[in-house]
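**Student:** my_file-v1.cif is reproduced in full below (mmCIF, C-alpha atoms).
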```
data_final
loop_
_atom_site.label_atom_id
_atom_site.label_comp_id
_atom_site.auth_asym_id
_atom_site.auth_seq_id
_atom_site.Cartn_x
_atom_site.Cartn_y
_atom_site.Cartn_z
CA MET A 17 -8.17 11.98 -40.24
CA SER A 18 -11.41 13.87 -40.91
CA THR A 19 -12.14 14.09 -37.18
CA LYS A 20 -8.66 15.47 -36.57
CA THR A 21 -8.97 18.14 -39.23
CA ASP A 22 -12.50 19.03 -38.13
CA LYS A 23 -11.30 19.70 -34.59
CA ILE A 24 -8.48 21.91 -35.84
CA ASP A 25 -10.83 23.85 -38.14
CA ARG A 26 -13.34 24.25 -35.31
CA LEU A 27 -10.68 25.71 -33.02
CA GLY A 28 -9.80 28.21 -35.71
CA GLU A 29 -13.44 29.24 -36.10
CA LEU A 30 -14.04 29.60 -32.36
CA SER A 31 -10.89 31.60 -31.80
CA ALA A 32 -11.43 33.98 -34.71
CA ALA A 33 -13.63 36.16 -32.53
CA LYS A 34 -13.76 39.92 -32.61
CA GLN A 35 -14.55 42.47 -29.93
CA ASP A 36 -17.70 42.00 -27.90
CA GLU A 37 -20.56 44.44 -27.57
CA HIS A 38 -18.93 46.22 -24.62
CA GLY A 39 -15.89 47.21 -26.66
CA VAL A 40 -13.45 45.03 -24.74
CA SER A 41 -10.82 43.52 -27.01
CA LEU A 42 -10.39 39.79 -27.33
CA TRP A 43 -6.91 39.80 -25.84
CA THR A 44 -7.83 42.07 -22.91
CA GLU A 45 -10.71 39.82 -21.91
CA ALA A 46 -8.59 36.71 -22.46
CA PHE A 47 -5.86 38.07 -20.21
CA ARG A 48 -8.39 38.75 -17.46
CA ARG A 49 -9.75 35.22 -17.71
CA VAL A 50 -6.26 33.69 -17.65
CA ARG A 51 -5.36 35.63 -14.50
CA ARG A 52 -8.41 34.17 -12.75
CA ASN A 53 -7.66 30.61 -13.84
CA PRO A 54 -5.71 28.59 -11.20
CA SER A 55 -4.49 26.12 -13.81
CA ALA A 56 -3.02 28.94 -15.86
CA LEU A 57 -1.21 30.34 -12.81
CA VAL A 58 0.25 26.92 -11.99
CA GLY A 59 1.35 26.45 -15.61
CA MET A 60 2.89 29.92 -15.67
CA ALA A 61 4.79 29.26 -12.43
CA ILE A 62 6.18 26.00 -13.84
CA LEU A 63 7.27 27.68 -17.07
CA VAL A 64 8.91 30.63 -15.29
CA LEU A 65 10.88 28.20 -13.12
CA PHE A 66 11.83 26.08 -16.14
CA VAL A 67 13.00 29.09 -18.18
CA LEU A 68 15.01 30.44 -15.25
CA VAL A 69 16.71 27.08 -14.75
CA ALA A 70 17.43 26.84 -18.48
CA ILE A 71 18.98 30.33 -18.55
CA ILE A 72 21.02 30.29 -15.35
CA GLY A 73 21.47 26.51 -15.03
CA PRO A 74 25.19 26.54 -16.00
CA TRP A 75 25.86 29.00 -13.16
CA LEU A 76 23.79 27.02 -10.66
CA ALA A 77 25.42 23.67 -11.47
CA PRO A 78 27.94 22.78 -8.76
CA TYR A 79 30.05 20.64 -11.12
CA SER A 80 30.91 20.47 -14.79
CA PRO A 81 28.52 18.17 -16.70
CA THR A 82 31.49 16.42 -18.29
CA ASP A 83 33.79 16.20 -15.27
CA THR A 84 34.63 12.61 -14.30
CA MET A 85 37.93 13.30 -12.56
CA GLY A 86 38.17 11.84 -9.07
CA ILE A 87 34.94 9.86 -9.21
CA ARG A 88 35.38 7.57 -12.22
CA GLU A 89 36.94 4.95 -9.94
CA ASN A 90 33.63 4.74 -8.06
CA VAL A 91 31.74 3.73 -11.22
CA ILE A 92 33.20 0.37 -12.15
CA ARG A 93 30.07 -1.63 -12.80
CA PRO A 94 26.33 -0.86 -12.71
CA GLY A 95 25.98 -2.05 -9.12
CA SER A 96 28.60 0.39 -7.88
CA ILE A 97 27.17 3.68 -9.16
CA PRO A 98 27.06 5.96 -6.09
CA GLY A 99 23.68 7.35 -5.13
CA PRO A 100 22.71 10.74 -3.68
CA SER A 101 24.96 12.28 -1.08
CA ALA A 102 25.56 15.63 0.59
CA GLU A 103 28.08 16.58 -2.12
CA HIS A 104 26.13 15.12 -5.06
CA TRP A 105 22.40 15.59 -4.44
CA LEU A 106 21.24 13.21 -7.18
CA GLY A 107 24.32 11.01 -7.24
CA TYR A 108 26.46 10.14 -10.26
CA ASP A 109 25.55 8.82 -13.67
CA HIS A 110 27.07 5.70 -15.26
CA GLN A 111 30.19 7.64 -16.31
CA GLY A 112 30.79 9.24 -12.93
CA ARG A 113 29.36 12.66 -13.81
CA ASP A 114 27.24 14.69 -11.39
CA GLN A 115 23.59 13.98 -12.20
CA PHE A 116 22.22 17.17 -10.65
CA SER A 117 24.53 19.37 -12.73
CA ARG A 118 23.64 17.54 -15.92
CA LEU A 119 19.92 17.86 -15.14
CA LEU A 120 20.20 21.62 -14.66
CA ILE A 121 22.25 22.21 -17.82
CA GLY A 122 20.10 19.78 -19.81
CA ALA A 123 17.10 22.07 -19.29
CA ARG A 124 18.65 24.64 -21.64
CA GLN A 125 19.10 22.08 -24.40
CA THR A 126 15.52 20.87 -23.94
CA LEU A 127 14.13 24.43 -24.05
CA LEU A 128 16.21 25.25 -27.13
CA VAL A 129 14.91 22.24 -29.05
CA GLY A 130 11.30 22.93 -28.06
CA VAL A 131 11.35 26.63 -28.95
CA VAL A 132 13.26 26.31 -32.23
CA SER A 133 11.19 23.36 -33.48
CA THR A 134 7.97 25.21 -32.61
CA LEU A 135 9.18 28.30 -34.46
CA ILE A 136 9.99 26.17 -37.50
CA GLY A 137 6.52 24.65 -37.52
CA LEU A 138 4.86 28.01 -36.83
CA THR A 139 6.72 29.83 -39.60
CA ILE A 140 6.16 27.24 -42.32
CA GLY A 141 2.62 26.43 -41.18
CA ALA A 142 1.63 30.10 -41.00
CA LEU A 143 2.99 30.68 -44.49
CA ILE A 144 0.99 27.78 -45.95
CA GLY A 145 -2.12 28.53 -43.92
CA GLY A 146 -1.95 32.25 -44.66
CA VAL A 147 -1.71 31.69 -48.41
CA ALA A 148 -4.49 29.10 -48.32
CA GLY A 149 -6.75 31.23 -46.13
CA ALA A 150 -6.29 34.36 -48.24
CA ALA A 151 -6.82 32.37 -51.43
CA ALA A 152 -9.97 30.68 -50.13
CA GLY A 153 -11.48 33.85 -48.69
CA LEU A 154 -10.54 36.43 -51.32
CA GLY A 155 -9.11 34.61 -54.33
CA GLY A 156 -12.26 33.56 -56.17
CA ARG A 157 -12.25 30.38 -58.25
CA VAL A 158 -8.47 30.36 -58.76
CA GLY A 159 -7.94 31.00 -55.08
CA ARG A 160 -10.19 28.13 -54.08
CA ALA A 161 -8.17 25.83 -56.36
CA VAL A 162 -4.92 26.96 -54.71
CA ASP A 163 -6.47 26.44 -51.29
CA SER A 164 -7.64 22.94 -52.24
CA VAL A 165 -4.16 21.88 -53.41
CA LEU A 166 -2.45 23.23 -50.29
CA MET A 167 -4.97 21.69 -47.92
CA ARG A 168 -4.74 18.27 -49.56
CA ILE A 169 -0.98 18.34 -48.94
CA VAL A 170 -1.63 19.34 -45.34
CA ASP A 171 -4.22 16.57 -44.96
CA MET A 172 -1.72 13.98 -46.16
CA MET A 173 0.72 15.15 -43.48
CA LEU A 174 -2.02 15.01 -40.84
CA ALA A 175 -2.89 11.47 -41.87
CA LEU A 176 0.54 10.24 -40.70
CA PRO A 177 1.16 9.65 -36.98
CA SER A 178 3.24 12.58 -35.75
CA LEU A 179 5.94 10.53 -34.03
CA LEU A 180 6.28 8.20 -37.02
CA LEU A 181 6.70 11.18 -39.34
CA ALA A 182 9.27 12.73 -37.01
CA VAL A 183 11.24 9.47 -36.77
CA SER A 184 11.20 9.09 -40.56
CA ILE A 185 12.52 12.61 -41.12
CA ALA A 186 15.18 12.24 -38.43
CA ALA A 187 16.33 8.88 -39.82
CA LEU A 188 16.52 10.37 -43.32
CA LEU A 189 18.56 13.40 -42.27
CA GLY A 190 20.84 11.62 -39.80
CA ALA A 191 21.29 11.95 -36.05
CA SER A 192 21.98 15.51 -34.87
CA LEU A 193 20.43 18.25 -32.76
CA THR A 194 19.46 20.18 -35.90
CA THR A 195 17.73 17.10 -37.26
CA VAL A 196 15.59 16.82 -34.14
CA MET A 197 14.51 20.46 -34.44
CA ILE A 198 13.61 20.07 -38.11
CA ALA A 199 11.79 16.76 -37.63
CA VAL A 200 9.70 17.99 -34.70
CA GLY A 201 9.03 21.31 -36.44
CA VAL A 202 7.79 19.69 -39.65
CA VAL A 203 5.35 17.55 -37.67
CA SER A 204 3.57 20.66 -36.36
CA VAL A 205 3.36 22.42 -39.75
CA PRO A 206 -0.05 21.01 -40.82
CA ILE A 207 -1.68 21.92 -37.49
CA PHE A 208 -0.60 25.56 -37.70
CA ALA A 209 -1.57 25.69 -41.37
CA ARG A 210 -5.06 24.31 -40.73
CA LEU A 211 -5.69 26.63 -37.78
CA LEU A 212 -4.63 29.82 -39.54
CA ARG A 213 -6.47 28.91 -42.73
CA GLY A 214 -9.71 28.20 -40.84
CA ALA A 215 -9.50 31.43 -38.87
CA MET A 216 -8.78 33.50 -41.99
CA VAL A 217 -11.69 31.98 -43.90
CA VAL A 218 -14.03 32.97 -41.05
CA GLN A 219 -12.60 36.49 -40.92
CA ALA A 220 -12.93 36.86 -44.71
CA GLY A 221 -16.70 36.86 -44.31
CA SER A 222 -16.71 39.68 -41.76
CA ASP A 223 -18.33 43.05 -42.34
CA TYR A 224 -15.07 44.99 -42.18
CA VAL A 225 -13.65 42.87 -45.03
CA LEU A 226 -16.76 43.55 -47.10
CA ALA A 227 -16.46 47.27 -46.38
CA ALA A 228 -12.78 47.36 -47.32
CA THR A 229 -13.49 45.44 -50.52
CA SER A 230 -16.28 47.82 -51.50
CA LEU A 231 -13.92 50.76 -50.98
CA GLY A 232 -11.48 49.29 -53.47
CA VAL A 233 -8.76 48.24 -51.03
CA LYS A 234 -6.44 45.71 -52.62
CA ARG A 235 -7.04 42.10 -51.62
CA THR A 236 -3.40 41.61 -50.64
CA LYS A 237 -3.59 44.53 -48.24
CA ILE A 238 -6.87 43.28 -46.77
CA ALA A 239 -5.42 39.81 -46.23
CA ILE A 240 -2.11 40.93 -44.70
CA GLY A 241 -3.21 44.09 -42.91
CA HIS A 242 -6.63 43.10 -41.61
CA ILE A 243 -7.53 39.42 -41.87
CA LEU A 244 -4.19 37.97 -40.78
CA PRO A 245 -3.76 39.99 -37.54
CA ASN A 246 -7.32 39.10 -36.48
CA SER A 247 -6.70 35.39 -37.13
CA LEU A 248 -3.59 34.84 -35.01
CA ALA A 249 -5.31 34.00 -31.71
CA PRO A 250 -5.70 30.24 -32.33
CA VAL A 251 -2.18 30.02 -33.75
CA ILE A 252 -0.66 31.58 -30.63
CA VAL A 253 -2.63 29.22 -28.40
CA GLN A 254 -1.53 26.24 -30.48
CA ALA A 255 2.10 27.38 -30.29
CA THR A 256 1.93 27.11 -26.50
CA LEU A 257 0.45 23.61 -26.70
CA THR A 258 2.92 22.58 -29.40
CA LEU A 259 5.85 23.47 -27.15
CA ALA A 260 4.71 20.71 -24.78
CA THR A 261 4.48 18.08 -27.51
CA ALA A 262 7.72 19.31 -29.09
CA ILE A 263 9.64 18.70 -25.87
CA ILE A 264 8.17 15.21 -25.55
CA GLU A 265 8.80 14.30 -29.21
CA ALA A 266 12.35 15.68 -29.10
CA ALA A 267 13.03 13.59 -26.01
CA ALA A 268 11.59 10.55 -27.81
CA LEU A 269 13.90 11.07 -30.80
CA SER A 270 16.91 11.43 -28.52
CA PHE A 271 15.81 8.32 -26.65
CA LEU A 272 15.75 6.41 -29.94
CA GLY A 273 19.28 7.54 -30.77
CA LEU A 274 18.27 10.09 -33.42
CA GLY A 275 19.26 13.17 -31.43
CA ASN A 276 22.57 14.78 -30.66
CA PRO A 277 25.28 12.08 -31.00
CA ASP A 278 27.51 13.97 -28.53
CA THR A 279 26.65 12.18 -25.27
CA SER A 280 28.72 14.64 -23.26
CA THR A 281 26.13 17.36 -23.89
CA PRO A 282 23.31 16.98 -21.35
CA GLU A 283 19.81 16.59 -22.77
CA TRP A 284 16.91 15.05 -20.89
CA GLY A 285 15.90 12.60 -23.62
CA LEU A 286 19.48 11.44 -24.06
CA MET A 287 19.84 11.07 -20.29
CA LEU A 288 16.79 8.77 -20.35
CA ALA A 289 18.38 6.63 -23.04
CA ASP A 290 21.69 6.40 -21.19
CA ALA A 291 19.88 5.28 -18.01
CA GLN A 292 18.17 2.23 -19.54
CA PRO A 293 20.88 -0.36 -18.70
CA PHE A 294 20.88 0.78 -15.06
CA LEU A 295 17.16 0.84 -14.23
CA ASP A 296 17.47 -2.07 -11.81
CA THR A 297 20.30 -0.56 -9.80
CA ARG A 298 19.85 3.21 -10.23
CA PRO A 299 16.29 4.03 -11.37
CA GLY A 300 16.88 7.65 -10.38
CA LEU A 301 19.02 8.11 -13.48
CA ALA A 302 15.83 7.79 -15.53
CA ILE A 303 13.29 9.13 -13.03
CA PHE A 304 14.76 12.62 -12.63
CA PRO A 305 14.96 13.58 -16.34
CA ALA A 306 11.58 11.93 -16.95
CA VAL A 307 10.00 14.01 -14.18
CA GLY A 308 11.58 17.13 -15.67
CA ILE A 309 10.08 16.39 -19.09
CA ILE A 310 6.65 15.61 -17.62
CA ILE A 311 6.46 18.70 -15.42
CA THR A 312 7.65 21.01 -18.19
CA ALA A 313 5.16 19.59 -20.69
CA LEU A 314 2.44 19.90 -18.02
CA GLY A 315 3.24 23.58 -17.55
CA PHE A 316 2.92 24.38 -21.25
CA THR A 317 -0.26 22.29 -21.49
CA LEU A 318 -1.95 23.98 -18.51
CA LEU A 319 -1.17 27.44 -19.84
CA GLY A 320 -2.19 26.55 -23.39
CA GLU A 321 -5.51 25.02 -22.31
CA ALA A 322 -6.26 28.06 -20.16
CA MET A 323 -5.53 30.38 -23.10
CA ARG A 324 -7.77 28.32 -25.38
CA GLU A 325 -10.64 28.52 -22.89
CA ALA A 326 -10.09 32.27 -22.43
CA LEU A 327 -10.23 32.86 -26.19
CA ASP A 328 -13.35 30.73 -26.71
CA PRO A 329 -16.17 33.18 -27.54
CA LYS A 330 -18.77 30.80 -26.06
CA LEU A 331 -17.21 31.29 -22.60
CA ARG A 332 -16.66 35.03 -22.74
CA LYS A 333 -20.12 36.11 -21.69
#
```
Show me, as structure tokens, the structure contained in the file I just sent.
**Tutor:**
Amino acid sequence: MSTKTDKIDRLGELSAAKQDEHGVSLWTEAFRRVRRNPSALVGMAILVLFVLVAIIGPWLAPYSPTDTMGIRENVIRPGSIPGPSAEHWLGYDHQGRDQFSRLLIGARQTLLVGVVSTLIGLTIGALIGGVAGAAAGLGGRVGRAVDSVLMRIVDMMLALPSLLLAVSIAALLGASLTTVMIAVGVVSVPIFARLLRGAMVVQAGSDYVLAATSLGVKRTKIAIGHILPNSLAPVIVQATLTLATAIIEAAALSFLGLGNPDTSTPEWGLMLADAQPFLDTRPGLAIFPAVGIIITALGFTLLGEAMREALDPKLRK
């Protein structure tokens, strides 16, 4: 656990950089570096395509994702599930529904779960990390005590395997789409909290904080108006990376039967679970949603890694 927390704290310290000696802002230089990074461009292209499919997928789908009329008679047993054809590019699923249409519409559900769960983790984690960072950097002895209590709670959450924690929360709350969002979001809370706290502690020792303190500016105003905005870089980078893991973990929960119980609503993780009995006869039922999950997670990961490299002060010279 100590290695895990050390890496998170180190990312916060490295990303809490200020302007360089040439007066170029951190974000301007980072944007320039990202534009020159081929991996970032590939990741961005994947994400743009994924978001477009998620938004306009229902209009692109040639069939309704729940329509089984006229084709149910072709799906009598696993060995008779029709494969790809000119009318149905990816064939039918085990209930006679068009697989291509369900794959397109399922992208929206997958994006929704990933974004909402990341926002949940970011909001709660930033609140905890912001309070802890401000308390540790500006709160004196009482502040350090508050920071210690909050970070011990965060460390206990980090000590648990993320998927095990997500499964436990989902099992406790019951199977639903909202449960998946909450479970995946809670898992990412300690990471966001650690990152923001580490970055704020580094910024609290900066010259501009010392100058503001000497001028009598209130500590709350310094923390919210100055330290916090300059500490958000690592949190934004982590949010991009967390989207990738959130999509994978949400798919895992749906695969385990802890997601949306409505099987008529397409979702890539649920489509993977439904395809398990038919792997011998129609492996494409599992391959296509699995490839969608992998490529989408790859896109977020490539972009997030490129942003982390661009914001690393050691590589900005």
**Student:** Given the PyMOL selection byres ((chain A and resi 197-208) around 6) and the file above, list the residues it selects as a list in words.
**Tutor:**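 So the PyMOL selection byres ((chain A and resi 197-208) around 6), applied here, picks out Val129, Ser133, Thr134, Ile136, Gly137, Gly141, Val170, Ser178, Ala182, Ile185, Ala186, Thr194, Thr195, Val196, Ala209, Arg210 and Leu211 of chain A.
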**Student:** Could you write out the selected residues, including C-alpha atoms, as an mmCIF file, keeping the file's coordinate frame?
**Tutor:**
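The resulting file, out36.cif, is shown below:
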```cif
data_model
loop_
_atom_site.group_PDB
_atom_site.id
_atom_site.type_symbol
_atom_site.label_atom_id
_atom_site.label_comp_id
_atom_site.auth_asym_id
_atom_site.auth_seq_id
_atom_site.Cartn_x
_atom_site.Cartn_y
_atom_site.Cartn_z
ATOM 1 C CA VAL A 129 14.910 22.240 -29.050
ATOM 2 C CA SER A 133 11.190 23.360 -33.480
ATOM 3 C CA THR A 134 7.970 25.210 -32.610
ATOM 4 C CA ILE A 136 9.990 26.170 -37.500
ATOM 5 C CA GLY A 137 6.520 24.650 -37.520
ATOM 6 C CA GLY A 141 2.620 26.430 -41.180
ATOM 7 C CA VAL A 170 -1.630 19.340 -45.340
ATOM 8 C CA SER A 178 3.240 12.580 -35.750
ATOM 9 C CA ALA A 182 9.270 12.730 -37.010
ATOM 10 C CA ILE A 185 12.520 12.610 -41.120
ATOM 11 C CA ALA A 186 15.180 12.240 -38.430
ATOM 12 C CA THR A 194 19.460 20.180 -35.900
ATOM 13 C CA THR A 195 17.730 17.100 -37.260
ATOM 14 C CA VAL A 196 15.590 16.820 -34.140
ATOM 15 C CA ALA A 209 -1.570 25.690 -41.370
ATOM 16 C CA ARG A 210 -5.060 24.310 -40.730
ATOM 17 C CA LEU A 211 -5.690 26.630 -37.780
#
```
**Student:** Convert the output of the PyMOL selection byres ((chain A and resi 68-75) around 12) on the shown file into explicit residues, formatted as an mmCIF file with C-alpha atoms, keeping the file's coordinate frame.
**Tutor:**
```cif
data_model
loop_
_atom_site.group_PDB
_atom_site.id
_atom_site.type_symbol
_atom_site.label_atom_id
_atom_site.label_comp_id
_atom_site.auth_asym_id
_atom_site.auth_seq_id
_atom_site.Cartn_x
_atom_site.Cartn_y
_atom_site.Cartn_z
ATOM 1 C CA ALA A 61 4.790 29.260 -12.430
ATOM 2 C CA ILE A 62 6.180 26.000 -13.840
ATOM 3 C CA LEU A 63 7.270 27.680 -17.070
ATOM 4 C CA VAL A 64 8.910 30.630 -15.290
ATOM 5 C CA LEU A 65 10.880 28.200 -13.120
ATOM 6 C CA PHE A 66 11.830 26.080 -16.140
ATOM 7 C CA VAL A 67 13.000 29.090 -18.180
ATOM 8 C CA LEU A 76 23.790 27.020 -10.660
ATOM 9 C CA ALA A 77 25.420 23.670 -11.470
ATOM 10 C CA PRO A 78 27.940 22.780 -8.760
ATOM 11 C CA TYR A 79 30.050 20.640 -11.120
ATOM 12 C CA SER A 80 30.910 20.470 -14.790
ATOM 13 C CA PRO A 81 28.520 18.170 -16.700
ATOM 14 C CA PHE A 116 22.220 17.170 -10.650
ATOM 15 C CA SER A 117 24.530 19.370 -12.730
ATOM 16 C CA ARG A 118 23.640 17.540 -15.920
ATOM 17 C CA LEU A 119 19.920 17.860 -15.140
ATOM 18 C CA LEU A 120 20.200 21.620 -14.660
ATOM 19 C CA ILE A 121 22.250 22.210 -17.820
ATOM 20 C CA GLY A 122 20.100 19.780 -19.810
ATOM 21 C CA ALA A 123 17.100 22.070 -19.290
ATOM 22 C CA ARG A 124 18.650 24.640 -21.640
ATOM 23 C CA GLN A 125 19.100 22.080 -24.400
ATOM 24 C CA THR A 126 15.520 20.870 -23.940
ATOM 25 C CA LEU A 127 14.130 24.430 -24.050
ATOM 26 C CA LEU A 128 16.210 25.250 -27.130
ATOM 27 C CA VAL A 129 14.910 22.240 -29.050
ATOM 28 C CA PRO A 282 23.310 16.980 -21.350
ATOM 29 C CA GLU A 283 19.810 16.590 -22.770
ATOM 30 C CA GLY A 308 11.580 17.130 -15.670
ATOM 31 C CA THR A 312 7.650 21.010 -18.190
#
```
**Student:** Do you have the atom CA of Ala266 of chain A-atom CA of Phe304 of chain A distance handy?
**Tutor:** 16.9 Å
**Student:** Using only C-alpha atoms, list the residues that have an atom at most 12 Å from (18.9, -0.3, -9.7), coordinates as in the file, as a list of chain:residue names.
**Tutor:**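 It turns out the residues near that spot are A:Arg93, A:Pro94, A:Gly95, A:Ser96, A:Ile97, A:Pro98, A:Gly99, A:Asp109, A:His110, A:Ala291, A:Gln292, A:Pro293, A:Phe294, A:Leu295, A:Asp296, A:Thr297, A:Arg298, A:Pro299, A:Gly300, A:Leu301, A:Ala302, A:Ile303.
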**Student:** Could you check which residues have any atom within 9 Å of (19.7, 12.2, -35.9), counting all atoms listed in the file with coordinates taken straight from the file, and then list them as a PDB file with C-alpha atoms, keeping the file's coordinate frame?
**Tutor:**
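Written output follows (part_18.pdb):
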```
ATOM      1  CA  VAL A 183      11.240   9.470 -36.770  1.00  0.00           C
ATOM      2  CA  ILE A 185      12.520  12.610 -41.120  1.00  0.00           C
ATOM      3  CA  ALA A 186      15.180  12.240 -38.430  1.00  0.00           C
ATOM      4  CA  ALA A 187      16.330   8.880 -39.820  1.00  0.00           C
ATOM      5  CA  LEU A 188      16.520  10.370 -43.320  1.00  0.00           C
ATOM      6  CA  LEU A 189      18.560  13.400 -42.270  1.00  0.00           C
ATOM      7  CA  GLY A 190      20.840  11.620 -39.800  1.00  0.00           C
ATOM      8  CA  ALA A 191      21.290  11.950 -36.050  1.00  0.00           C
ATOM      9  CA  SER A 192      21.980  15.510 -34.870  1.00  0.00           C
ATOM     10  CA  LEU A 193      20.430  18.250 -32.760  1.00  0.00           C
ATOM     11  CA  THR A 194      19.460  20.180 -35.900  1.00  0.00           C
ATOM     12  CA  THR A 195      17.730  17.100 -37.260  1.00  0.00           C
ATOM     13  CA  VAL A 196      15.590  16.820 -34.140  1.00  0.00           C
ATOM     14  CA  LEU A 269      13.900  11.070 -30.800  1.00  0.00           C
ATOM     15  CA  SER A 270      16.910  11.430 -28.520  1.00  0.00           C
ATOM     16  CA  GLY A 273      19.280   7.540 -30.770  1.00  0.00           C
ATOM     17  CA  LEU A 274      18.270  10.090 -33.420  1.00  0.00           C
ATOM     18  CA  GLY A 275      19.260  13.170 -31.430  1.00  0.00           C
ATOM     19  CA  ASN A 276      22.570  14.780 -30.660  1.00  0.00           C
ATOM     20  CA  PRO A 277      25.280  12.080 -31.000  1.00  0.00           C
TER      21      PRO A 277
END
```
**Student:** Tell me which residues the PyMOL selection byres ((chain A and resi 250-258) around 8) grabs here, as a ChimeraX atom specification.
**Tutor:** /A:27-28,31-32,134,138,204,208,211-212,215,247-249,259-262,316-317,319-321,323-324
**Student:** Would you mind telling me which residue in A:Val132, A:Met173, A:Ala227, A:Val217 lies nearest to Ile243 of chain A when using all atoms listed in the file?
**Tutor:** A:Val217
**Student:** I'd like to know which of A:Leu244, A:Ala220, A:Leu314, A:Ile238 is closest to Ala142 of chain A, using all atoms listed in the file.
**Tutor:**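 Using all atoms listed in the file, the shortest distance to Ala142 of chain A belongs to A:Leu244.
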**Student:** Find the residues near Gly159 of chain A: any atom within 12 Å, counting all atoms listed in the file, skip ones fewer than 6 places away on the same chain, and give them as a list of chain:residue names.
**Tutor:**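 My reading of the contact set: A:Val147, A:Ala148, A:Gly149, A:Ala150, A:Ala151, A:Ala152, A:Gly153, A:Val165, A:Leu166, A:Val217, A:Arg235.
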**Student:** Between atom CA of Ile310 of chain A and atom CA of Ala268 of chain A, what is the distance in Å, rounded to a tenth?
**Tutor:**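 Between these atoms lies a distance of 12.4 Å.
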**Student:** Please indicate the distance in Å from atom CA of Phe47 of chain A to atom CA of Glu325 of chain A, rounded to one decimal place.
**Tutor:**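 About the pair atom CA of Phe47 of chain A and atom CA of Glu325 of chain A: they are 11.0 Å apart.
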**Student:** Which of these, A:Ile264, A:Arg157, A:Lys237, A:Gln111, has the shortest distance to Leu179 of chain A once you count only C-alpha atoms?
**Tutor:**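 Residue with the minimum atom-to-atom distance to Leu179 of chain A: A:Ile264.
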**Student:** Generate the missing atoms of segment 55-66 of chain A up to N, CA, C and O atoms and report them as a PDB file, in the frame of the given file.
**Tutor:**
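In the end it all went to part-v9.pdb:
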```pdb
ATOM      1  N   SER A  55      -5.332  26.981 -12.981  1.00  0.00           N
ATOM      2  CA  SER A  55      -4.490  26.120 -13.810  1.00  0.00           C
ATOM      3  C   SER A  55      -3.481  26.940 -14.604  1.00  0.00           C
ATOM      4  O   SER A  55      -2.316  26.535 -14.755  1.00  0.00           O
ATOM      5  N   ALA A  56      -3.921  28.081 -15.101  1.00  0.00           N
ATOM      6  CA  ALA A  56      -3.020  28.940 -15.860  1.00  0.00           C
ATOM      7  C   ALA A  56      -1.905  29.473 -14.963  1.00  0.00           C
ATOM      8  O   ALA A  56      -0.737  29.548 -15.388  1.00  0.00           O
ATOM      9  N   LEU A  57      -2.223  29.825 -13.731  1.00  0.00           N
ATOM     10  CA  LEU A  57      -1.210  30.340 -12.810  1.00  0.00           C
ATOM     11  C   LEU A  57      -0.190  29.257 -12.464  1.00  0.00           C
ATOM     12  O   LEU A  57       1.010  29.532 -12.373  1.00  0.00           O
ATOM     13  N   VAL A  58      -0.673  28.028 -12.269  1.00  0.00           N
ATOM     14  CA  VAL A  58       0.250  26.920 -11.990  1.00  0.00           C
ATOM     15  C   VAL A  58       1.156  26.678 -13.201  1.00  0.00           C
ATOM     16  O   VAL A  58       2.375  26.500 -13.061  1.00  0.00           O
ATOM     17  N   GLY A  59       0.555  26.642 -14.396  1.00  0.00           N
ATOM     18  CA  GLY A  59       1.350  26.450 -15.610  1.00  0.00           C
ATOM     19  C   GLY A  59       2.365  27.553 -15.795  1.00  0.00           C
ATOM     20  O   GLY A  59       3.529  27.297 -16.151  1.00  0.00           O
ATOM     21  N   MET A  60       1.960  28.800 -15.535  1.00  0.00           N
ATOM     22  CA  MET A  60       2.890  29.920 -15.670  1.00  0.00           C
ATOM     23  C   MET A  60       4.037  29.805 -14.674  1.00  0.00           C
ATOM     24  O   MET A  60       5.204  30.067 -15.015  1.00  0.00           O
ATOM     25  N   ALA A  61       3.735  29.415 -13.436  1.00  0.00           N
ATOM     26  CA  ALA A  61       4.790  29.260 -12.430  1.00  0.00           C
ATOM     27  C   ALA A  61       5.795  28.181 -12.851  1.00  0.00           C
ATOM     28  O   ALA A  61       7.012  28.357 -12.698  1.00  0.00           O
ATOM     29  N   ILE A  62       5.287  27.067 -13.387  1.00  0.00           N
ATOM     30  CA  ILE A  62       6.180  26.000 -13.840  1.00  0.00           C
ATOM     31  C   ILE A  62       7.071  26.493 -14.972  1.00  0.00           C
ATOM     32  O   ILE A  62       8.284  26.230 -14.990  1.00  0.00           O
ATOM     33  N   LEU A  63       6.493  27.223 -15.921  1.00  0.00           N
ATOM     34  CA  LEU A  63       7.270  27.680 -17.070  1.00  0.00           C
ATOM     35  C   LEU A  63       8.305  28.723 -16.680  1.00  0.00           C
ATOM     36  O   LEU A  63       9.418  28.726 -17.203  1.00  0.00           O
ATOM     37  N   VAL A  64       7.945  29.624 -15.750  1.00  0.00           N
ATOM     38  CA  VAL A  64       8.910  30.630 -15.290  1.00  0.00           C
ATOM     39  C   VAL A  64      10.096  29.935 -14.622  1.00  0.00           C
ATOM     40  O   VAL A  64      11.262  30.276 -14.869  1.00  0.00           O
ATOM     41  N   LEU A  65       9.816  28.939 -13.780  1.00  0.00           N
ATOM     42  CA  LEU A  65      10.880  28.200 -13.120  1.00  0.00           C
ATOM     43  C   LEU A  65      11.746  27.465 -14.141  1.00  0.00           C
ATOM     44  O   LEU A  65      12.986  27.468 -14.054  1.00  0.00           O
ATOM     45  N   PHE A  66      11.099  26.832 -15.120  1.00  0.00           N
ATOM     46  CA  PHE A  66      11.830  26.080 -16.140  1.00  0.00           C
ATOM     47  C   PHE A  66      12.731  26.999 -16.960  1.00  0.00           C
ATOM     48  O   PHE A  66      13.904  26.690 -17.212  1.00  0.00           O
TER      49      PHE A  66
END
```
